[in-house]
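> The structure is given below, and queries will be raised subsequently.
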Amino acid sequence: MNQPPTHCPYCGSSVDPAETDEPRIVETPMVYRCESCEDYVFYNPTPGGSAIVLDGDAICLVEDFRSPDEWKLPSGRMLLGESPREGVARELEEETGLSVDPADLVYVTDEAGEPVPEQYMVGIDYAVARSQTTGSLAAGSDATDAKFFTPSEFEASPHAIKHTHVDRFGTDSLPWLLDEARAALERAGEPV
Ligand SMILES: [Zn+2]
């Protein structure tokens with residue numbers, strides 16, 4: 001799980017250090033050990049990822065229903081059994097209506113963070129040219145809007161980049177994201 005465990009998922013016993021006699025934490029603060037069944041309980045990050053879809057100098061962003069007026073890359077968590085590319089392709093389609101073959105997603109970067117205190121995530125971020133996608137842009141799932149913005153269009157808009165997105169990438173710079181994505185696509189010999 002990606003937040004401090006209170007119970008063993010195998011037998012249900014408490015692994016909360018405050019409720020147990022012996023030290024429970026094997027490796028601070030990531031591995032706990034259940035006093036009853038002796039199994040290990042991991043406190044580790046949840047994997048997620050983003051799609052950077054480029055259309056010329058424009059990047060596809062979505063507005064998150066949780067924070068109106070804050071925009072981010074189409075992104076989300078992997079589901080059971082999904083590879084990172086498969087998860088990102090599904091999230092892209094759910095949030096924007098754009099479909100992509102997961103194999104066409106090109107690795108750009110990865111990051112680790114704590115979007116909510118004590119809840120850890122890792123992200124793997126991929127780029128693809130809009131010409132490699134099919135479908136028409138239409139916000140869906142937990143996105144209330146989806147649009148392509150050039151950096152100057154976004155700058156001129158009343159919108160902001162979502163704070164969790166800024167935490168993940170360490171910047172709210174769309175030109176930076178555009179450059180990173182374009183360089184990754186060029187390196188991979190993929191259409192830009
Ligand atoms: Zn147990």
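In the structure tokens, chains take the letters A, B, ... in the order shown, each chain's residues start at 1, and ligands count up from 1 in the order shown.
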List the spatial neighbours of Ser36 of chain A as a PyMOL selection string - criterion: any atom at most 10 Å away, only C-alpha atoms, same-chain residues fewer than 3 positions off excluded.

chain A and resi 8+10-15+33+39

> For the selection just defined, write its residues with N, CA and C atoms to a file, as a tab-separated table (two decimals), in the first residue's frame.


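Saved to again07.tsv:
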chain	number	residue	atom	x	y	z
A	8	CYS	N	-2.01	-5.92	8.88
A	8	CYS	CA	-1.44	-6.89	7.95
A	8	CYS	C	-2.52	-7.29	6.94
A	10	TYR	N	-2.62	-9.88	5.15
A	10	TYR	CA	-2.76	-11.33	5.04
A	10	TYR	C	-3.61	-11.91	6.17
A	11	CYS	N	-3.39	-11.42	7.40
A	11	CYS	CA	-4.12	-12.01	8.53
A	11	CYS	C	-4.94	-10.98	9.30
A	12	GLY	N	-4.79	-9.70	8.98
A	12	GLY	CA	-5.63	-8.68	9.62
A	12	GLY	C	-5.11	-8.18	10.96
A	13	SER	N	-3.98	-8.70	11.42
A	13	SER	CA	-3.45	-8.24	12.71
A	13	SER	C	-2.91	-6.82	12.58
A	14	SER	N	-2.88	-6.13	13.69
A	14	SER	CA	-2.34	-4.77	13.67
A	14	SER	C	-0.84	-4.80	13.43
A	15	VAL	N	-0.37	-3.89	12.59
A	15	VAL	CA	1.07	-3.69	12.47
A	15	VAL	C	1.42	-2.27	12.89
A	33	ARG	N	6.69	-5.85	9.74
A	33	ARG	CA	6.53	-7.29	9.87
A	33	ARG	C	5.38	-7.60	10.80
A	39	ASP	N	4.56	-12.36	8.23
A	39	ASP	CA	4.81	-11.93	6.85
A	39	ASP	C	5.19	-10.45	6.82

> Can you list, as a PyMOL selection string, every residue of chain A that DSSP puts in helix (DSSP H, G or I)?

chain A and resi 17-19+84-96+102-104+130-132+151-156+163-169+174-187

> Counting only C-alpha atoms, what is within 10 Å of segment 79-92 of chain A, bar same-chain residues fewer than 2 positions away, as a ChimeraX atom specification?

/A:47-53,60,62,73-77,94-107,123-126,139-142

> Dump C-alpha atoms for the selected residues as a compact mmCIF listing (two decimals), in the first residue's frame?


# COMPACT_ATOMS: atom_id res chain seq x y z
CA PRO A 47 2.69 3.49 -9.98
CA GLY A 48 1.10 5.97 -12.34
CA GLY A 49 1.97 7.86 -15.46
CA SER A 50 1.14 10.58 -17.94
CA ALA A 51 0.75 11.09 -21.67
CA ILE A 52 2.31 14.11 -23.36
CA VAL A 53 0.45 14.39 -26.66
CA CYS A 60 -2.90 18.24 -24.62
CA VAL A 62 -7.03 18.21 -19.09
CA LEU A 73 -1.35 16.09 -18.42
CA PRO A 74 -3.76 13.20 -18.96
CA SER A 75 -2.60 10.83 -16.24
CA GLY A 76 -3.58 8.24 -13.71
CA ARG A 77 -2.71 5.06 -11.88
CA GLU A 94 -10.63 7.80 -20.77
CA GLU A 95 -9.76 11.43 -20.14
CA THR A 96 -9.43 12.80 -23.70
CA GLY A 97 -11.06 10.38 -26.16
CA LEU A 98 -7.71 9.98 -27.97
CA SER A 99 -6.62 6.38 -28.56
CA VAL A 100 -3.05 5.28 -28.94
CA ASP A 101 -1.32 1.96 -29.39
CA PRO A 102 0.64 1.57 -26.12
CA ALA A 103 3.68 0.53 -28.20
CA ASP A 104 3.71 4.01 -29.80
CA LEU A 105 4.23 5.76 -26.44
CA VAL A 106 7.82 6.93 -26.10
CA TYR A 107 9.46 7.18 -22.68
CA GLY A 123 5.16 8.31 -12.37
CA ILE A 124 6.39 7.21 -15.79
CA ASP A 125 5.72 9.73 -18.52
CA TYR A 126 5.42 9.10 -22.24
CA ALA A 139 -13.13 15.25 -22.03
CA GLY A 140 -14.20 12.16 -20.11
CA SER A 141 -13.70 10.19 -16.90
CA ASP A 142 -12.48 12.58 -14.19

> According to DSSP computed on the backbone, where in chain A is there strand (DSSP E)? Give the residues as a VMD selection string.

chain A and resid 25 to 27 31 to 33 40 to 42 46 to 55 58 to 64 70 to 72 75 to 77 106 to 116 119 to 129 143 to 149 160 to 161

> Counting only C-alpha atoms and all ligand atoms, figure out which residue out of A:Pro117, A:Gly135, A:Pro5, A:Pro175 gets nearest to ligand 1.

A:Pro5

> Closest to ligand 1 among A:Asp145, A:Glu38, A:Asp172, A:Glu63, using only C-alpha atoms and all ligand atoms?

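Closest residue, counting only C-alpha atoms and all ligand atoms: A:Glu38.
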
> Nearest residue to Lys72 of chain A out of A:Ile161, A:Ala184, A:Ala18, A:Val192, using only C-alpha atoms?

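Using only C-alpha atoms, the shortest distance to Lys72 of chain A belongs to A:Ile161.
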
> Which residues are close to Val122 of chain A, i.e. within 7 Å by only C-alpha atoms, leaving aside same-chain residues fewer than 5 positions away? Reply as a PyMOL selection string.

chain A and resi 45-48+111-113

> Write out, as a PDB file, in the first residue's frame, the residues just selected, with C-alpha atoms.


ATOM      1  CA  PRO A  45       4.573   3.803  -3.866  1.00  0.00           C
ATOM      2  CA  THR A  46       1.715   3.329  -6.288  1.00  0.00           C
ATOM      3  CA  PRO A  47       2.693   3.495  -9.976  1.00  0.00           C
ATOM      4  CA  GLY A  48       1.099   5.965 -12.338  1.00  0.00           C
ATOM      5  CA  GLU A 111       9.460  10.855 -11.177  1.00  0.00           C
ATOM      6  CA  ALA A 112       8.674  10.050  -7.560  1.00  0.00           C
ATOM      7  CA  GLY A 113       6.647  12.114  -5.155  1.00  0.00           C
TER       8      GLY A 113
END
